[in-house]
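Peer 1: Mind looking over this structure? Questions follow.
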Amino acid sequence: AVDTETTGLDTARDRIIQMGAVAIAKGIVDRGESIEILVDPGLPIPPASTAIHGITDAAIAGAPPFPVAWDRFAAFTARRILVGFSIGFDLAVLEQEAKRAGLDWVKPRSLCVRLLSAIANPNLPDNSLETIAAWLDVDIQNRHTALGDAIVAGHVFSALIPRLRDRGIRTLAEAERACLG
C-alpha cells in the first residue's frame with residue numbers, strides 16, 4: 001500500500017514531499033516491512049499544504065531530491081501491485097516527478113481502495129477515507145502522513161477482500177477491471 005504527500009493538489013505542477021509504503025502479504029499489513037521518505041521538492045511548501053500534513057520547509061531540509069528518493073521507493077515497490085486510497089492521484093504526481101527528473105516511468109499495476117469500497121458498499125454516505133475506515137472498523141492513525149495513510153489503505157484493502165468476494169470480485173484481474181470500470 002502506498003501514499004504520497006505533496007505541495008498541493010495539482011498533479012502537473014505540485015511536488016512530492018513524502019512517500020510511504022507498507023507491504024501486504026496474504027491479506028495482512030506488515031508494518032515491519034515499510035518505507036517512508038521525505039523529499040526536497042526544490043521549492044517552498046505552501047502554508048496551506050503544511051496545515052494539512054504538517055510537513056514544513058525545515059522538516060525537509062537535507063532530504064534527498066526526488067530522483068534519489070525515487071530510487072529507494074521504486075526498489076521497495078518493484079514487482080508489487082500498488083494499493084492506495086485514490087491512488088490515481090499518487091500515480092499521476094509520481095509520473096510527473098519522474099518525467100520532470102528525466103526518469104523512465106512505467107505505470108505500475110494498482111488498485112484503488114476508494115473505488116473498491118464503492119463497489120463493495122454502494123450505500124456509503126461518502127467515499128472519504130474516514131467513512132470507509134469507520135465502515136470497515138479500521139483505526140486511523142497518523143493521518144496525512146504518507147506511511148500513516150498507506151497503512152490505513154492497506155488495512156482497508158485487507159478488510160475489503162471478503163466483501164469483494166461477496167460481490168463476485170475474487171481475483172486481481174477482476175479487481176483491476178472493477179477499478180477501471
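Note on naming: chains are A, B, ... as they come in the C-alpha cells, residues start from 1 per chain, ligands start from 1 in the order shown.
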Contacts of A:Ser110 at 7 Å or less, counting only C-alpha atoms, minus same-chain residues fewer than 3 places along, as a list in words?

Peer 2: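 Close residues of A:Ser110: Ile81, Leu82 and Val83 of chain A.
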
Peer 1: Can you pull out every residue within 12 Å of A:Gly168, counting only C-alpha atoms, but drop anything in the same chain fewer than 6 positions away, and send it as a list in words?

Peer 2: Ile119, Ala120, Ile161, Pro162, Glu174, Ala175 and Ala178 of chain A

Peer 1: Residues as selected, C-alpha atoms, written as a JSON list (two decimals), in the first residue's frame, can you do that?

Peer 2:
[["chain", "number", "residue", "atom", "x", "y", "z"],
["A", 119, "ILE", "CA", -18.28, -1.35, -5.29],
["A", 120, "ALA", "CA", -18.33, -3.34, -2.05],
["A", 161, "ILE", "CA", -11.24, -8.72, 0.37],
["A", 162, "PRO", "CA", -14.13, -10.80, 1.82],
["A", 174, "GLU", "CA", -11.35, -8.84, -11.56],
["A", 175, "ALA", "CA", -10.38, -6.15, -9.03],
["A", 178, "ALA", "CA", -13.60, -3.18, -11.36]]

Peer 1: I need the residues of stretch 36-150 of chain A that end up classed as helix (DSSP H, G or I) by DSSP on the backbone, written out as a ChimeraX atom specification.

Peer 2: /A:47-53,57-60,66-77,87-100,113-120,129-136,146-150

Peer 1: Which of these residues is nearest to A:Glu130, using only C-alpha atoms: A:Lys107, A:Lys99, A:Arg114, A:Arg79?

Peer 2: A:Arg114

Peer 1: Counting only C-alpha atoms, which residue out of A:Gly84, A:Pro65, A:Pro47, A:Pro41 sits closest to A:Leu147?

Peer 2: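 Closest residue, counting only C-alpha atoms: A:Gly84.
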
Peer 1: Output as JSON lines one row per residue of stretch 81-169 of chain A within 10 Å of stretch 14-27 of chain A: the closest atom pair and its distance in Å to one decimal place, counting only C-alpha atoms, sorted by chain and residue number ascending.

Peer 2:
{"residue": "A:Ile81", "atom": "CA", "partner": "A:Ile24", "partner_atom": "CA", "distance": 9.7}
{"residue": "A:Leu82", "atom": "CA", "partner": "A:Ala21", "partner_atom": "CA", "distance": 9.0}
{"residue": "A:Val83", "atom": "CA", "partner": "A:Ile24", "partner_atom": "CA", "distance": 9.2}
{"residue": "A:Gly84", "atom": "CA", "partner": "A:Ala21", "partner_atom": "CA", "distance": 9.4}
{"residue": "A:Asp90", "atom": "CA", "partner": "A:Ile16", "partner_atom": "CA", "distance": 9.1}
{"residue": "A:Val93", "atom": "CA", "partner": "A:Ile16", "partner_atom": "CA", "distance": 7.2}
{"residue": "A:Leu94", "atom": "CA", "partner": "A:Ile16", "partner_atom": "CA", "distance": 7.6}
{"residue": "A:Gln96", "atom": "CA", "partner": "A:Arg15", "partner_atom": "CA", "distance": 8.6}
{"residue": "A:Glu97", "atom": "CA", "partner": "A:Arg15", "partner_atom": "CA", "distance": 7.0}
{"residue": "A:Thr145", "atom": "CA", "partner": "A:Gln18", "partner_atom": "CA", "distance": 7.7}
{"residue": "A:Ala146", "atom": "CA", "partner": "A:Gly20", "partner_atom": "CA", "distance": 4.5}
{"residue": "A:Leu147", "atom": "CA", "partner": "A:Gly20", "partner_atom": "CA", "distance": 4.3}
{"residue": "A:Gly148", "atom": "CA", "partner": "A:Gly20", "partner_atom": "CA", "distance": 7.9}
{"residue": "A:Asp149", "atom": "CA", "partner": "A:Gly20", "partner_atom": "CA", "distance": 8.2}
{"residue": "A:Ala150", "atom": "CA", "partner": "A:Ala21", "partner_atom": "CA", "distance": 5.7}
{"residue": "A:Ile151", "atom": "CA", "partner": "A:Val22", "partner_atom": "CA", "distance": 6.3}
{"residue": "A:Val152", "atom": "CA", "partner": "A:Val22", "partner_atom": "CA", "distance": 9.8}
{"residue": "A:Ala153", "atom": "CA", "partner": "A:Val22", "partner_atom": "CA", "distance": 9.5}
{"residue": "A:Gly154", "atom": "CA", "partner": "A:Ile24", "partner_atom": "CA", "distance": 6.8}
{"residue": "A:His155", "atom": "CA", "partner": "A:Gly27", "partner_atom": "CA", "distance": 8.5}
{"residue": "A:Phe157", "atom": "CA", "partner": "A:Gly27", "partner_atom": "CA", "distance": 8.0}
{"residue": "A:Ser158", "atom": "CA", "partner": "A:Gly27", "partner_atom": "CA", "distance": 5.1}
{"residue": "A:Ala159", "atom": "CA", "partner": "A:Gly27", "partner_atom": "CA", "distance": 8.3}
{"residue": "A:Leu160", "atom": "CA", "partner": "A:Gly27", "partner_atom": "CA", "distance": 9.7}
{"residue": "A:Ile161", "atom": "CA", "partner": "A:Gly27", "partner_atom": "CA", "distance": 7.9}

Peer 1: Since we have the selection now, will you write its residues out, keeping N, CA and C atoms, as an mmCIF file, in the first residue's frame?

Peer 2:
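result.cif, written as the output of this step:
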data_model
loop_
_atom_site.group_PDB
_atom_site.id
_atom_site.type_symbol
_atom_site.label_atom_id
_atom_site.label_comp_id
_atom_site.auth_asym_id
_atom_site.auth_seq_id
_atom_site.Cartn_x
_atom_site.Cartn_y
_atom_site.Cartn_z
ATOM 1 N N ILE A 81 2.021 -5.121 -6.667
ATOM 2 C CA ILE A 81 0.800 -4.428 -7.047
ATOM 3 C C ILE A 81 0.633 -3.300 -6.030
ATOM 4 N N LEU A 82 0.434 -2.077 -6.488
ATOM 5 C CA LEU A 82 0.286 -0.950 -5.573
ATOM 6 C C LEU A 82 -1.180 -0.749 -5.230
ATOM 7 N N VAL A 83 -1.440 -0.541 -3.953
ATOM 8 C CA VAL A 83 -2.782 -0.317 -3.435
ATOM 9 C C VAL A 83 -2.763 1.039 -2.752
ATOM 10 N N GLY A 84 -3.824 1.823 -2.939
ATOM 11 C CA GLY A 84 -3.880 3.108 -2.265
ATOM 12 C C GLY A 84 -5.260 3.706 -2.317
ATOM 13 N N ASP A 90 -1.824 9.716 -6.653
ATOM 14 C CA ASP A 90 -0.431 9.413 -6.316
ATOM 15 C C ASP A 90 0.357 9.000 -7.560
ATOM 16 N N VAL A 93 1.061 12.128 -9.805
ATOM 17 C CA VAL A 93 2.113 13.015 -9.313
ATOM 18 C C VAL A 93 3.480 12.313 -9.382
ATOM 19 N N LEU A 94 3.525 11.011 -9.146
ATOM 20 C CA LEU A 94 4.782 10.264 -9.306
ATOM 21 C C LEU A 94 5.249 10.291 -10.759
ATOM 22 N N GLN A 96 4.596 12.609 -13.034
ATOM 23 C CA GLN A 96 5.087 13.947 -13.356
ATOM 24 C C GLN A 96 6.473 14.190 -12.773
ATOM 25 N N GLU A 97 6.675 13.739 -11.544
ATOM 26 C CA GLU A 97 8.005 13.882 -10.916
ATOM 27 C C GLU A 97 9.052 13.110 -11.704
ATOM 28 N N THR A 145 0.069 11.569 6.834
ATOM 29 C CA THR A 145 1.486 11.240 6.644
ATOM 30 C C THR A 145 1.481 10.132 5.604
ATOM 31 N N ALA A 146 2.493 10.084 4.776
ATOM 32 C CA ALA A 146 2.497 9.103 3.700
ATOM 33 C C ALA A 146 2.415 7.678 4.239
ATOM 34 N N LEU A 147 3.219 7.350 5.243
ATOM 35 C CA LEU A 147 3.180 5.992 5.767
ATOM 36 C C LEU A 147 1.882 5.728 6.528
ATOM 37 N N GLY A 148 1.413 6.693 7.310
ATOM 38 C CA GLY A 148 0.163 6.516 8.043
ATOM 39 C C GLY A 148 -1.002 6.235 7.117
ATOM 40 N N ASP A 149 -1.117 7.011 6.045
ATOM 41 C CA ASP A 149 -2.215 6.808 5.099
ATOM 42 C C ASP A 149 -2.038 5.519 4.305
ATOM 43 N N ALA A 150 -0.796 5.138 4.006
ATOM 44 C CA ALA A 150 -0.551 3.868 3.319
ATOM 45 C C ALA A 150 -0.984 2.700 4.214
ATOM 46 N N ILE A 151 -0.673 2.776 5.496
ATOM 47 C CA ILE A 151 -1.065 1.707 6.423
ATOM 48 C C ILE A 151 -2.586 1.595 6.499
ATOM 49 N N VAL A 152 -3.277 2.724 6.597
ATOM 50 C CA VAL A 152 -4.747 2.697 6.630
ATOM 51 C C VAL A 152 -5.279 2.089 5.333
ATOM 52 N N ALA A 153 -4.746 2.507 4.188
ATOM 53 C CA ALA A 153 -5.185 1.959 2.903
ATOM 54 C C ALA A 153 -4.946 0.454 2.846
ATOM 55 N N GLY A 154 -3.833 0.012 3.393
ATOM 56 C CA GLY A 154 -3.550 -1.423 3.426
ATOM 57 C C GLY A 154 -4.553 -2.190 4.267
ATOM 58 N N HIS A 155 -4.881 -1.657 5.434
ATOM 59 C CA HIS A 155 -5.876 -2.307 6.293
ATOM 60 C C HIS A 155 -7.268 -2.275 5.655
ATOM 61 N N PHE A 157 -7.857 -2.287 2.429
ATOM 62 C CA PHE A 157 -7.803 -3.290 1.371
ATOM 63 C C PHE A 157 -8.001 -4.690 1.945
ATOM 64 N N SER A 158 -7.292 -4.993 3.022
ATOM 65 C CA SER A 158 -7.421 -6.318 3.641
ATOM 66 C C SER A 158 -8.848 -6.580 4.094
ATOM 67 N N ALA A 159 -9.481 -5.572 4.687
ATOM 68 C CA ALA A 159 -10.859 -5.725 5.155
ATOM 69 C C ALA A 159 -11.851 -5.826 3.995
ATOM 70 N N LEU A 160 -11.503 -5.275 2.844
ATOM 71 C CA LEU A 160 -12.386 -5.332 1.678
ATOM 72 C C LEU A 160 -12.401 -6.696 1.001
ATOM 73 N N ILE A 161 -11.362 -7.462 1.135
ATOM 74 C CA ILE A 161 -11.240 -8.717 0.374
ATOM 75 C C ILE A 161 -12.473 -9.609 0.522
#

Peer 1: Smallest atom-to-atom distance to A:Arg72: which of A:Gly8, A:Val156, A:Pro122, A:Ile37, using only C-alpha atoms?

Peer 2: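 Answer, going by the shortest atom-to-atom distance: A:Ile37.
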
Peer 1: Write down as a ChimeraX atom specification the residues belonging to stretch 20-143 of chain A that are assigned strand (DSSP E or B) by DSSP computed on the backbone.

Peer 2: /A:20-25,28-38,40,65,82-84,110-112

Peer 1: Using only C-alpha atoms, pick whichever of A:Ile28, A:Ala59, A:Ile87, A:Ala74 has the shortest atom-to-atom distance to A:Asp104.

Peer 2: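 Closest to A:Asp104 of all the choices is A:Ala74.
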
Peer 1: Pick the closest to A:Trp105 from A:Ser128, A:Glu5, A:Ser86, A:Trp70: which is it, counting only C-alpha atoms?

Peer 2: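 Closest residue, counting only C-alpha atoms: A:Trp70.
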
Peer 1: Interatomic distance between atom CA of A:Phe66 and atom CA of A:Leu91?

Peer 2: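 Atom CA of A:Leu91 lies at a distance of 14.3 Å from atom CA of A:Phe66.
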
Peer 1: For the atom pair atom CA of A:Cys112 and atom CA of A:Ala12, what is the interatomic distance in Å to one decimal place?

Peer 2: 20.4 Å
